[in-house]
2 protein chains.
Amino acid sequence: MAKEGLQLRSLVKASGELELSLAPTPTPDPAADEVVVRIEAAPINPSDLGLLLGPADLSTLKRAGDTVTAAIPERFMRAVAGRLDQSLPVGNEGAGVVVEAGSSAEAQALKGKVVGILGGATYGEYRTVKAADCLAMPAGVTPAQGAAAFVNPLTTLGMIGTMRLENHKALVHTAAASNLGQMLVKLCLAEGIALVNIVRSADQEALLRGLGAAHVCDSTKPSFMNDLVEAIAATGATLAFDAIGGGPLAGQILTAMEIAANRNAASYSRYGSTTYKQVYIYGGLNTGPTELNRAFGMAWGLGGWLLTPFLGKVGPAEVAKLRARVASEITTTFASHYTKTVSLAEALDPAVIAAYNKRATGEKYLINPSLGR
Amino acid sequence: MAKEGLQLRSLVKASGELELSLAPTPTPDPAADEVVVRIEAAPINPSDLGLLLGPADLSTLKRAGDTVTAAIPERFMRAVAGRLDQSLPVGNEGAGVVVEAGSSAEAQALKGKVVGILGGATYGEYRTVKAADCLAMPAGVTPAQGAAAFVNPLTTLGMIGTMRLENHKALVHTAAASNLGQMLVKLCLAEGIALVNIVRSADQEALLRGLGAAHVCDSTKPSFMNDLVEAIAATGATLAFDAIGGGPLAGQILTAMEIAANRNAASYSRYGSTTYKQVYIYGGLNTGPTELNRAFGMAWGLGGWLLTPFLGKVGPAEVAKLRARVASEITTTFASHYTKTVSLAEALDPAVIAAYNKRATGEKYLINPSLGR
């Protein structure tokens, strides 16, 4: 008989209410090529929060037992029209122990092992997945260490992959002291890629310099724009990945790239430099509007960037290589650090929700669904 | 001995002053493969105004003889750092009569003909150019009719060329009642391409409907966003060309494309639709910041678009075909209409500058440098 496990669910009702709950959910028995993973660690990434909390007004959060509700402002309802009245499981990735395995050799080989998994519903006690989709961790790696083996590591690898595909030679990264940002610093050092890190405090700058970062620009300093121009001129960066999204920052980066490009211009062009400058927005830490003053000529692009289309573009053989690299460096280059580990029930506590929803740089929560109901 | 001709010049001084003047300038004798054109018509396109007036504060315009000055606000000086203290000729395109020709057969064949030219310095009495760069007009076409044979016609052809290169099937265009917009309406009708026109008044809507436009959305109507979604859903447009630049419009277009794409979505995705949506900004009628609310998922791009890189991308054989098409349809598809024709001296009149700098839709000025000093 199938195991039943608790799953954290997010529901947006047509009435304008967000409801989070813990739903007892059957765990399908594994097919021959599948395994059942008891999930022991799943990170709360910024990319999970959109699905989990939607555009709810968290000042209206109310808890009743294992159910939490909050109101969604009317003006945001159009943005969630596609998910109305569907109870959705949450959690992009996680890690745990393989507790049951199908009959195939590949599945059997994973029995008892710690594996990382991707693909949703990781905020739950059990998950039945294809053995081929599991990333087996090296011996001695804990579920907490392997919990974030997909989103952030593959995103950093995707950023440098995109840089190479699109013929740029150096990178700019914002919110650069984040968990992902620290990974990118280590990865770029290992790969010999020049990286301009934009941070928002002196502490964050010190943290990245401690990791060996050569170019760190603090956007709270009066000298920020000049610092950024100098760093971009020194590195030749014409590609940026921006986790902030809102506000003037994406435009400031394009402007700094344009100023750096024009230093080498032979003659004035009314249309600006011919150096192509690209910023990809991959997050929305600032949910306000993006503001572009367009003081950067005409050779520029701004766009959304997601990991999945990148992986689709490079193809399965390359993805397998990237995954293997992540597993082998999961406690070094791709190590994550967590502020706090909470149970499924604690993850629904309004005070805890307020804490992890702050998305404070360097603070990251881990859910351990095996901590008991 | 070389002819001397007056040339309109724009100079930005390091002291923070814009100076417009008429400078007597030698006209080089034609080489074997060159001709001398007496320019009789040159349009003032929005793309000329940036070079002509820079970021000067036009409320400070002062005329003294054939010299006009205006102050440039300090905060804009960085944007013009590349052109300081250089007296620059102005005028992207124009047309006139070939009054001298080099010895080559190609040059001799143009003698006495009306030709269109591109490449700068057309706000002047004479221009020595390669015969190969002249676009000979069909018999009976006047310089005024042939004055704008490059920028707008090739831009409209470049828009549909870009649409095809980047695998879109229909277009959105803003400031669509402009001279260029009217051309695009006629061209898209001829090519069977669905076009969504965004205009800013009922009069402009009536004008385009009179030309046969099927989809016209007036952004001043309360129903604008709904109208735009319906037009985009009806046409399947996922590419827009935006002449406005500033304000929320580019983001509204992406939002409308996203809503239209999600109508056909099989299931909810937290990252929005997978339909790629692109807006190219090719003008800056609103010089304020571009504001994006990013309510359009992650599969989107915004960028600058210029004609020259497009022409470089398609190559000289295709460009020759496009040019020949323009010449043959210069009084029909690619006809331009002008509000007023002025002499070089009149073009420096502060009242005239204020008038053509309004960039009012449907109002376009022509300079005739042969009108006398």
# chains A, B, ... in the order shown; residues from 1 in each chain; ligands from 1

$ residues_around --residues "Arg294 (chain B)" --least-positions-apart "3" --cutoff "12 Å" --atoms "only C-alpha atoms" --output "MDAnalysis selection string"
(chainID A and resid 79 244:247 281:284 286:291 302:304) or (chainID B and resid 248 250:256 258 271:272 290:291 297:302)

$ write_last_selection --atoms "N, CA and C atoms" --output "short mmCIF file (atom, residue, chain, number, x, y, z; two decimals), in the first residue's frame"
data_model
loop_
_atom_site.label_atom_id
_atom_site.label_comp_id
_atom_site.auth_asym_id
_atom_site.auth_seq_id
_atom_site.Cartn_x
_atom_site.Cartn_y
_atom_site.Cartn_z
N ALA A 79 -2.90 38.64 -12.37
CA ALA A 79 -1.60 37.98 -12.50
C ALA A 79 -1.66 36.51 -12.08
N ILE A 244 17.75 41.77 -8.94
CA ILE A 244 16.95 42.81 -8.29
C ILE A 244 15.69 43.12 -9.10
N GLY A 245 15.87 43.37 -10.38
CA GLY A 245 14.72 43.60 -11.27
C GLY A 245 14.19 45.01 -11.21
N GLY A 246 13.63 45.43 -10.09
CA GLY A 246 13.02 46.75 -9.99
C GLY A 246 14.04 47.85 -9.74
N GLY A 247 13.60 49.09 -10.04
CA GLY A 247 14.45 50.25 -9.78
C GLY A 247 15.40 50.55 -10.92
N ILE A 281 17.45 39.89 -16.45
CA ILE A 281 16.81 39.90 -15.14
C ILE A 281 16.37 38.47 -14.82
N TYR A 282 16.92 37.91 -13.74
CA TYR A 282 16.55 36.53 -13.40
C TYR A 282 15.85 36.45 -12.06
N GLY A 283 15.66 37.57 -11.39
CA GLY A 283 14.96 37.58 -10.12
C GLY A 283 14.23 38.88 -9.94
N GLY A 284 13.51 39.00 -8.84
CA GLY A 284 12.74 40.21 -8.62
C GLY A 284 12.77 40.61 -7.15
N ASN A 286 13.51 43.33 -5.91
CA ASN A 286 12.73 44.57 -5.88
C ASN A 286 11.58 44.38 -6.87
N THR A 287 10.37 44.26 -6.33
CA THR A 287 9.22 43.95 -7.19
C THR A 287 8.66 45.21 -7.86
N GLY A 288 9.24 46.37 -7.59
CA GLY A 288 8.79 47.61 -8.23
C GLY A 288 9.16 47.63 -9.70
N PRO A 289 8.71 48.68 -10.41
CA PRO A 289 9.02 48.75 -11.85
C PRO A 289 10.52 48.91 -12.13
N THR A 290 10.95 48.33 -13.23
CA THR A 290 12.30 48.56 -13.75
C THR A 290 12.29 49.93 -14.43
N GLU A 291 13.25 50.77 -14.10
CA GLU A 291 13.29 52.12 -14.68
C GLU A 291 14.56 52.31 -15.48
N LEU A 302 17.62 43.99 -22.87
CA LEU A 302 17.23 43.64 -21.50
C LEU A 302 16.23 42.51 -21.67
N GLY A 303 16.28 41.52 -20.81
CA GLY A 303 15.32 40.44 -20.98
C GLY A 303 15.22 39.60 -19.73
N GLY A 304 14.24 38.70 -19.73
CA GLY A 304 14.13 37.74 -18.65
C GLY A 304 15.08 36.58 -18.92
N PRO B 248 5.25 53.89 -19.65
CA PRO B 248 4.89 52.48 -19.42
C PRO B 248 4.56 51.70 -20.69
N ALA B 250 5.97 50.35 -23.47
CA ALA B 250 6.67 49.12 -23.87
C ALA B 250 6.25 47.98 -22.95
N GLY B 251 6.16 48.25 -21.66
CA GLY B 251 5.75 47.23 -20.69
C GLY B 251 4.29 46.82 -20.88
N GLN B 252 3.44 47.79 -21.23
CA GLN B 252 2.04 47.45 -21.48
C GLN B 252 1.91 46.51 -22.67
N ILE B 253 2.72 46.73 -23.68
CA ILE B 253 2.68 45.87 -24.86
C ILE B 253 3.09 44.44 -24.48
N LEU B 254 4.20 44.32 -23.72
CA LEU B 254 4.64 42.99 -23.28
C LEU B 254 3.56 42.33 -22.41
N THR B 255 2.92 43.12 -21.56
CA THR B 255 1.86 42.57 -20.70
C THR B 255 0.69 42.07 -21.55
N ALA B 256 0.30 42.85 -22.54
CA ALA B 256 -0.82 42.44 -23.40
C ALA B 256 -0.46 41.17 -24.17
N GLU B 258 1.57 38.88 -23.15
CA GLU B 258 1.58 37.78 -22.18
C GLU B 258 0.16 37.31 -21.87
N TYR B 271 6.36 31.03 -13.91
CA TYR B 271 7.26 31.92 -14.65
C TYR B 271 6.59 32.57 -15.85
N GLY B 272 5.28 32.40 -15.95
CA GLY B 272 4.58 33.00 -17.07
C GLY B 272 4.63 32.09 -18.30
N THR B 290 11.94 54.58 -19.34
CA THR B 290 11.09 53.45 -19.66
C THR B 290 10.74 52.76 -18.35
N GLU B 291 9.45 52.51 -18.13
CA GLU B 291 9.02 51.89 -16.87
C GLU B 291 8.36 50.55 -17.16
N GLY B 297 5.87 37.63 -17.18
CA GLY B 297 6.64 36.38 -17.16
C GLY B 297 8.12 36.62 -17.37
N MET B 298 8.81 35.60 -17.84
CA MET B 298 10.26 35.67 -17.99
C MET B 298 10.71 35.55 -19.44
N ALA B 299 9.79 35.20 -20.35
CA ALA B 299 10.19 35.00 -21.74
C ALA B 299 9.97 36.29 -22.53
N TRP B 300 10.85 37.25 -22.31
CA TRP B 300 10.68 38.55 -22.97
C TRP B 300 12.03 39.21 -23.18
N GLY B 301 12.03 40.12 -24.12
CA GLY B 301 13.22 40.91 -24.37
C GLY B 301 12.82 42.32 -24.76
N LEU B 302 13.66 43.26 -24.36
CA LEU B 302 13.49 44.66 -24.74
C LEU B 302 14.86 45.09 -25.22
#

$ calpha_fit_and_write --fixed "chain B" --moving "chain A" --output "short mmCIF file (atom, residue, chain, number, x, y, z; two decimals) with C-alpha atoms, in the first residue's frame"
data_model
loop_
_atom_site.label_atom_id
_atom_site.label_comp_id
_atom_site.auth_asym_id
_atom_site.auth_seq_id
_atom_site.Cartn_x
_atom_site.Cartn_y
_atom_site.Cartn_z
CA MET A 1 38.12 74.94 -58.41
CA ALA A 2 35.85 73.41 -55.79
CA LYS A 3 32.43 74.93 -55.18
CA GLU A 4 31.80 76.35 -51.75
CA GLY A 5 28.47 75.66 -50.09
CA LEU A 6 26.82 76.53 -46.81
CA GLN A 7 26.52 73.71 -44.33
CA LEU A 8 24.44 73.63 -41.19
CA ARG A 9 26.69 72.70 -38.25
CA SER A 10 26.05 71.64 -34.68
CA LEU A 11 28.71 72.19 -32.04
CA VAL A 12 28.65 71.27 -28.35
CA LYS A 13 31.22 73.28 -26.44
CA ALA A 14 32.95 71.97 -23.34
CA SER A 15 31.68 75.16 -21.69
CA GLY A 16 28.14 73.72 -21.84
CA GLU A 17 26.80 75.55 -24.88
CA LEU A 18 25.18 74.29 -28.05
CA GLU A 19 25.98 76.37 -31.12
CA LEU A 20 24.22 75.98 -34.48
CA SER A 21 25.66 77.83 -37.45
CA LEU A 22 25.90 77.98 -41.23
CA ALA A 23 29.50 77.36 -42.25
CA PRO A 24 30.83 78.01 -45.78
CA THR A 25 32.36 74.67 -46.66
CA PRO A 26 34.33 73.61 -49.78
CA THR A 27 32.62 70.97 -51.90
CA PRO A 28 35.25 68.44 -53.00
CA ASP A 29 35.53 67.93 -56.77
CA PRO A 30 34.13 64.52 -57.67
CA ALA A 31 36.54 61.63 -58.17
CA ALA A 32 35.93 59.35 -61.15
CA ASP A 33 33.29 57.34 -59.28
CA GLU A 34 31.68 60.30 -57.53
CA VAL A 35 29.06 62.94 -58.24
CA VAL A 36 28.17 66.33 -56.75
CA VAL A 37 24.55 66.64 -55.67
CA ARG A 38 22.87 70.04 -55.26
CA ILE A 39 20.62 69.20 -52.34
CA GLU A 40 17.09 70.50 -52.72
CA ALA A 41 15.24 68.56 -50.02
CA ALA A 42 16.32 67.03 -46.71
CA PRO A 43 13.81 65.91 -44.06
CA ILE A 44 14.16 66.64 -40.37
CA ASN A 45 13.71 63.17 -38.93
CA PRO A 46 13.52 62.48 -35.20
CA SER A 47 16.85 60.72 -35.66
CA ASP A 48 18.38 64.02 -36.85
CA LEU A 49 17.22 66.02 -33.86
CA GLY A 50 19.48 64.23 -31.38
CA LEU A 51 22.59 65.28 -33.28
CA LEU A 52 21.24 68.73 -34.20
CA LEU A 53 20.00 69.88 -30.80
CA GLY A 54 21.64 67.48 -28.37
CA PRO A 55 20.26 67.76 -24.84
CA ALA A 56 20.14 71.60 -24.99
CA ASP A 57 17.56 73.53 -23.01
CA LEU A 58 15.65 75.14 -25.88
CA SER A 59 14.07 77.73 -23.61
CA THR A 60 17.52 79.37 -23.64
CA LEU A 61 17.79 79.59 -27.47
CA LYS A 62 19.33 82.87 -28.72
CA ARG A 63 19.94 83.91 -32.32
CA ALA A 64 22.67 86.27 -33.49
CA GLY A 65 22.81 86.43 -37.29
CA ASP A 66 23.28 82.92 -38.66
CA THR A 67 24.39 81.57 -35.28
CA VAL A 68 22.06 80.17 -32.65
CA THR A 69 23.09 79.17 -29.13
CA ALA A 70 21.45 77.39 -26.22
CA ALA A 71 22.61 76.16 -22.81
CA ILE A 72 23.09 72.46 -22.05
CA PRO A 73 22.16 71.46 -18.49
CA GLU A 74 25.21 70.24 -16.60
CA ARG A 75 23.68 66.81 -15.89
CA PHE A 76 23.51 66.02 -19.61
CA MET A 77 27.11 66.91 -20.40
CA ARG A 78 28.35 63.36 -19.75
CA ALA A 79 26.01 62.10 -22.49
CA VAL A 80 27.72 64.35 -25.08
CA ALA A 81 31.30 63.87 -23.90
CA GLY A 82 32.15 62.13 -27.18
CA ARG A 83 31.29 65.11 -29.40
CA LEU A 84 32.71 68.05 -27.45
CA ASP A 85 34.20 70.91 -29.48
CA GLN A 86 33.64 69.22 -32.86
CA SER A 87 31.65 71.18 -35.46
CA LEU A 88 29.43 68.43 -36.85
CA PRO A 89 27.44 68.55 -40.12
CA VAL A 90 23.83 67.39 -39.78
CA GLY A 91 21.20 65.67 -41.92
CA ASN A 92 20.99 61.93 -42.45
CA GLU A 93 19.37 61.92 -45.85
CA GLY A 94 18.09 64.06 -48.67
CA ALA A 95 17.66 64.37 -52.40
CA GLY A 96 18.76 66.71 -55.13
CA VAL A 97 20.06 67.03 -58.63
CA VAL A 98 23.41 65.71 -59.84
CA VAL A 99 25.23 68.84 -61.05
CA GLU A 100 28.72 67.40 -61.62
CA ALA A 101 29.88 63.87 -62.30
CA GLY A 102 33.20 62.05 -62.30
CA SER A 103 34.49 60.33 -65.40
CA SER A 104 33.18 56.83 -64.74
CA ALA A 105 30.23 55.59 -66.74
CA GLU A 106 28.22 55.05 -63.55
CA ALA A 107 28.79 58.65 -62.44
CA GLN A 108 28.13 60.13 -65.90
CA ALA A 109 24.85 58.21 -66.13
CA LEU A 110 23.53 60.17 -63.14
CA LYS A 111 24.20 63.64 -64.58
CA GLY A 112 21.10 65.84 -64.29
CA LYS A 113 19.16 63.16 -62.50
CA VAL A 114 17.26 63.40 -59.21
CA VAL A 115 18.92 61.13 -56.65
CA GLY A 116 18.35 60.27 -53.03
CA ILE A 117 21.40 60.16 -50.76
CA LEU A 118 22.17 58.93 -47.26
CA GLY A 119 25.15 59.39 -45.02
CA GLY A 120 25.13 62.74 -43.30
CA ALA A 121 25.71 66.44 -44.07
CA THR A 122 22.54 66.75 -46.16
CA TYR A 123 21.64 70.04 -44.45
CA GLY A 124 23.99 71.80 -46.87
CA GLU A 125 24.01 73.16 -50.39
CA TYR A 126 26.20 70.53 -52.02
CA ARG A 127 27.37 67.04 -51.24
CA THR A 128 30.02 65.00 -53.06
CA VAL A 129 29.15 61.31 -52.85
CA LYS A 130 29.92 57.98 -54.50
CA ALA A 131 27.70 57.35 -57.51
CA ALA A 132 27.04 53.88 -56.11
CA ASP A 133 25.57 55.41 -52.97
CA CYS A 134 23.00 57.45 -54.93
CA LEU A 135 19.51 56.10 -55.34
CA ALA A 136 18.35 57.32 -58.77
CA MET A 137 14.69 58.24 -58.75
CA PRO A 138 12.30 57.24 -61.53
CA ALA A 139 11.63 59.94 -64.11
CA GLY A 140 9.28 62.66 -62.88
CA VAL A 141 10.05 62.21 -59.17
CA THR A 142 10.96 65.54 -57.52
CA PRO A 143 13.69 66.03 -54.89
CA ALA A 144 10.96 66.69 -52.30
CA GLN A 145 9.36 63.36 -53.18
CA GLY A 146 12.72 61.56 -53.04
CA ALA A 147 14.06 63.32 -49.94
CA ALA A 148 13.20 60.56 -47.47
CA ALA A 149 14.08 57.46 -49.46
CA PHE A 150 16.31 55.83 -46.85
CA VAL A 151 15.56 56.24 -43.16
CA ASN A 152 11.81 55.67 -42.98
CA PRO A 153 11.34 53.33 -45.98
CA LEU A 154 14.28 51.11 -45.06
CA THR A 155 13.22 51.18 -41.41
CA THR A 156 9.77 49.82 -42.30
CA LEU A 157 11.37 47.20 -44.51
CA GLY A 158 13.82 46.47 -41.67
CA MET A 159 10.96 45.94 -39.25
CA ILE A 160 9.31 43.29 -41.38
CA GLY A 161 12.73 41.82 -42.17
CA THR A 162 13.46 41.54 -38.44
CA MET A 163 10.03 39.99 -37.89
CA ARG A 164 10.89 37.26 -40.40
CA LEU A 165 14.48 36.75 -39.20
CA GLU A 166 13.31 36.33 -35.60
CA ASN A 167 10.33 34.12 -36.41
CA HIS A 168 7.44 36.36 -35.42
CA LYS A 169 4.29 36.45 -37.51
CA ALA A 170 2.73 39.86 -36.85
CA LEU A 171 3.76 43.28 -35.59
CA VAL A 172 2.80 45.96 -33.09
CA HIS A 173 3.84 49.55 -33.85
CA THR A 174 3.59 52.66 -31.66
CA ALA A 175 3.27 56.30 -32.68
CA ALA A 176 1.69 54.53 -35.60
CA ALA A 177 0.20 57.61 -37.25
CA SER A 178 3.69 58.98 -37.93
CA ASN A 179 5.01 59.33 -41.43
CA LEU A 180 6.85 56.07 -40.89
CA GLY A 181 3.76 54.50 -39.33
CA GLN A 182 1.64 55.31 -42.34
CA MET A 183 4.26 53.72 -44.57
CA LEU A 184 4.26 50.63 -42.40
CA VAL A 185 0.46 50.37 -42.67
CA LYS A 186 0.69 50.47 -46.47
CA LEU A 187 3.64 48.08 -46.59
CA CYS A 188 2.02 45.52 -44.26
CA LEU A 189 -1.20 45.64 -46.29
CA ALA A 190 0.84 44.99 -49.43
CA GLU A 191 2.71 42.12 -47.76
CA GLY A 192 -0.32 40.59 -46.02
CA ILE A 193 1.23 41.08 -42.57
CA ALA A 194 -1.10 41.68 -39.61
CA LEU A 195 -0.20 44.95 -37.86
CA VAL A 196 -1.46 46.35 -34.56
CA ASN A 197 -1.23 50.16 -34.63
CA ILE A 198 -1.08 52.10 -31.36
CA VAL A 199 -2.02 55.77 -31.71
CA ARG A 200 -2.73 58.63 -29.33
CA SER A 201 -5.94 60.22 -30.62
CA ALA A 202 -9.22 59.53 -32.38
CA ASP A 203 -8.03 61.61 -35.35
CA GLN A 204 -4.94 59.42 -35.73
CA GLU A 205 -7.11 56.32 -35.52
CA ALA A 206 -9.35 57.68 -38.28
CA LEU A 207 -6.31 58.51 -40.42
CA LEU A 208 -4.95 54.95 -40.23
CA ARG A 209 -8.35 53.35 -40.74
CA GLY A 210 -8.62 55.53 -43.84
CA LEU A 211 -5.42 53.87 -45.11
CA GLY A 212 -7.00 50.47 -44.54
CA ALA A 213 -5.51 49.58 -41.14
CA ALA A 214 -7.50 46.75 -39.51
CA HIS A 215 -6.17 47.04 -35.93
CA VAL A 216 -5.84 50.49 -34.37
CA CYS A 217 -5.72 50.95 -30.58
CA ASP A 218 -6.00 54.46 -29.14
CA SER A 219 -3.91 54.65 -25.96
CA THR A 220 -5.96 57.58 -24.67
CA LYS A 221 -9.14 55.48 -24.43
CA PRO A 222 -10.07 53.85 -21.09
CA SER A 223 -10.48 50.56 -22.97
CA PHE A 224 -6.91 50.70 -24.33
CA MET A 225 -5.44 47.68 -22.52
CA ASN A 226 -8.41 45.47 -23.41
CA ASP A 227 -8.37 46.70 -27.01
CA LEU A 228 -4.65 45.94 -27.21
CA VAL A 229 -5.04 42.43 -25.79
CA GLU A 230 -7.83 41.68 -28.29
CA ALA A 231 -5.83 43.01 -31.24
CA ILE A 232 -2.74 41.06 -30.21
CA ALA A 233 -4.77 37.89 -29.66
CA ALA A 234 -6.38 38.34 -33.09
CA THR A 235 -3.05 38.83 -34.89
CA GLY A 236 -0.67 36.67 -32.84
CA ALA A 237 1.80 39.57 -32.70
CA THR A 238 4.79 38.84 -30.43
CA LEU A 239 7.10 41.59 -31.75
CA ALA A 240 6.68 45.33 -31.33
CA PHE A 241 8.60 48.37 -32.55
CA ASP A 242 8.27 51.30 -30.20
CA ALA A 243 9.11 54.87 -31.18
CA ILE A 244 8.03 56.30 -27.82
CA GLY A 245 10.64 54.74 -25.52
CA GLY A 246 9.73 56.46 -22.26
CA GLY A 247 6.83 55.68 -19.94
CA PRO A 248 4.88 52.47 -19.42
CA LEU A 249 3.94 51.68 -23.04
CA ALA A 250 6.65 49.11 -23.86
CA GLY A 251 5.71 47.22 -20.69
CA GLN A 252 2.00 47.45 -21.48
CA ILE A 253 2.65 45.87 -24.87
CA LEU A 254 4.59 43.00 -23.27
CA THR A 255 1.80 42.58 -20.72
CA ALA A 256 -0.87 42.46 -23.43
CA MET A 257 1.18 39.90 -25.36
CA GLU A 258 1.50 37.80 -22.21
CA ILE A 259 -2.24 37.92 -21.49
CA ALA A 260 -2.97 36.92 -25.08
CA ALA A 261 -0.42 34.07 -24.86
CA ASN A 262 -1.87 32.78 -21.60
CA ARG A 263 -5.33 32.45 -23.14
CA ASN A 264 -4.02 29.39 -24.93
CA ALA A 265 -1.92 28.04 -22.03
CA ALA A 266 -2.69 24.46 -21.05
CA SER A 267 -1.65 24.92 -17.41
CA TYR A 268 -0.46 27.58 -15.00
CA SER A 269 3.25 28.34 -14.87
CA ARG A 270 4.65 30.52 -12.14
CA TYR A 271 7.11 31.91 -14.67
CA GLY A 272 4.45 33.00 -17.12
CA SER A 273 3.92 31.81 -20.65
CA THR A 274 6.73 30.26 -22.67
CA THR A 275 5.80 32.48 -25.64
CA TYR A 276 8.76 34.75 -26.36
CA LYS A 277 7.77 38.40 -26.54
CA GLN A 278 10.05 41.14 -27.88
CA VAL A 279 9.80 44.92 -27.95
CA TYR A 280 12.41 46.96 -29.81
CA ILE A 281 12.73 50.63 -28.95
CA TYR A 282 13.81 52.51 -32.07
CA GLY A 283 12.95 56.07 -31.05
CA GLY A 284 12.58 58.26 -28.03
CA LEU A 285 9.57 60.53 -28.57
CA ASN A 286 9.15 60.33 -24.79
CA THR A 287 12.64 60.96 -23.43
CA GLY A 288 11.60 60.00 -19.87
CA PRO A 289 12.51 56.66 -18.30
CA THR A 290 11.07 53.42 -19.63
CA GLU A 291 8.99 51.86 -16.85
CA LEU A 292 8.42 48.11 -16.84
CA ASN A 293 6.11 46.53 -14.29
CA ARG A 294 7.37 43.08 -15.40
CA ALA A 295 3.88 41.54 -15.27
CA PHE A 296 4.72 39.49 -18.33
CA GLY A 297 6.52 36.39 -17.18
CA MET A 298 10.15 35.65 -17.99
CA ALA A 299 10.11 34.98 -21.74
CA TRP A 300 10.61 38.51 -22.94
CA GLY A 301 13.18 40.88 -24.34
CA LEU A 302 13.46 44.62 -24.70
CA GLY A 303 16.22 46.25 -26.67
CA GLY A 304 17.38 49.05 -28.89
CA TRP A 305 16.90 48.69 -32.63
CA LEU A 306 18.78 50.54 -35.33
CA LEU A 307 18.56 50.29 -39.08
CA THR A 308 22.30 50.08 -39.77
CA PRO A 309 23.01 46.82 -37.90
CA PHE A 310 19.95 45.28 -39.59
CA LEU A 311 21.29 46.23 -43.03
CA GLY A 312 24.68 44.82 -42.05
CA LYS A 313 23.03 41.59 -40.98
CA VAL A 314 21.11 40.99 -44.23
CA GLY A 315 24.04 41.96 -46.47
CA PRO A 316 24.58 44.13 -49.58
CA ALA A 317 22.61 42.05 -52.11
CA GLU A 318 19.46 42.19 -49.99
CA VAL A 319 20.03 45.89 -49.26
CA ALA A 320 20.24 46.61 -53.02
CA LYS A 321 16.88 44.88 -53.50
CA LEU A 322 15.30 46.87 -50.68
CA ARG A 323 16.65 50.16 -52.12
CA ALA A 324 15.35 49.37 -55.60
CA ARG A 325 11.93 48.65 -54.15
CA VAL A 326 11.92 51.97 -52.31
CA ALA A 327 12.77 53.91 -55.49
CA SER A 328 10.06 52.20 -57.51
CA GLU A 329 7.41 52.89 -54.84
CA ILE A 330 8.65 56.29 -53.63
CA THR A 331 5.42 58.11 -54.61
CA THR A 332 3.11 55.37 -53.34
CA THR A 333 3.99 53.00 -50.47
CA PHE A 334 6.96 55.09 -49.37
CA ALA A 335 5.56 58.58 -49.97
CA SER A 336 6.21 61.19 -47.26
CA HIS A 337 4.21 64.33 -46.58
CA TYR A 338 5.61 67.54 -45.15
CA THR A 339 4.11 70.30 -43.05
CA LYS A 340 6.50 72.96 -44.25
CA THR A 341 9.66 73.53 -46.30
CA VAL A 342 12.29 75.89 -44.89
CA SER A 343 15.65 77.27 -46.03
CA LEU A 344 18.89 76.62 -44.13
CA ALA A 345 18.63 80.06 -42.50
CA GLU A 346 14.99 79.49 -41.56
CA ALA A 347 15.94 76.15 -40.00
CA LEU A 348 17.93 78.18 -37.43
CA ASP A 349 14.99 80.41 -36.49
CA PRO A 350 14.15 79.72 -32.83
CA ALA A 351 10.40 79.64 -33.59
CA VAL A 352 10.97 77.13 -36.41
CA ILE A 353 13.26 75.02 -34.19
CA ALA A 354 10.54 74.94 -31.54
CA ALA A 355 8.03 73.84 -34.16
CA TYR A 356 10.01 70.95 -35.67
CA ASN A 357 11.34 69.86 -32.30
CA LYS A 358 7.77 69.22 -31.09
CA ARG A 359 8.03 65.96 -33.05
CA ALA A 360 4.26 66.11 -33.38
CA THR A 361 2.89 63.01 -35.06
CA GLY A 362 2.17 63.69 -38.73
CA GLU A 363 4.10 66.99 -38.75
CA LYS A 364 7.35 66.85 -40.61
CA TYR A 365 9.70 69.57 -41.84
CA LEU A 366 11.78 69.62 -44.98
CA ILE A 367 14.91 71.73 -45.44
CA ASN A 368 15.63 73.00 -48.97
CA PRO A 369 19.26 74.18 -48.89
CA SER A 370 18.96 75.56 -52.44
CA LEU A 371 16.39 78.18 -51.41
CA GLY A 372 19.08 80.85 -51.14
CA ARG A 373 21.11 82.27 -48.32
#

$ select_by_dssp --residues "region 117-158 of chain A" --states "helix (DSSP H, G or I)" --output "PyMOL selection string"
chain A and resi 131-133+143-146+151-158

$ select_by_dssp --residues "region 162-356 of chain B" --states "strand (DSSP E)" --output "ChimeraX atom specification"
/B:170-174,194-199,215-218,239-242,245-247,277-281,286-292,300-304,340-342
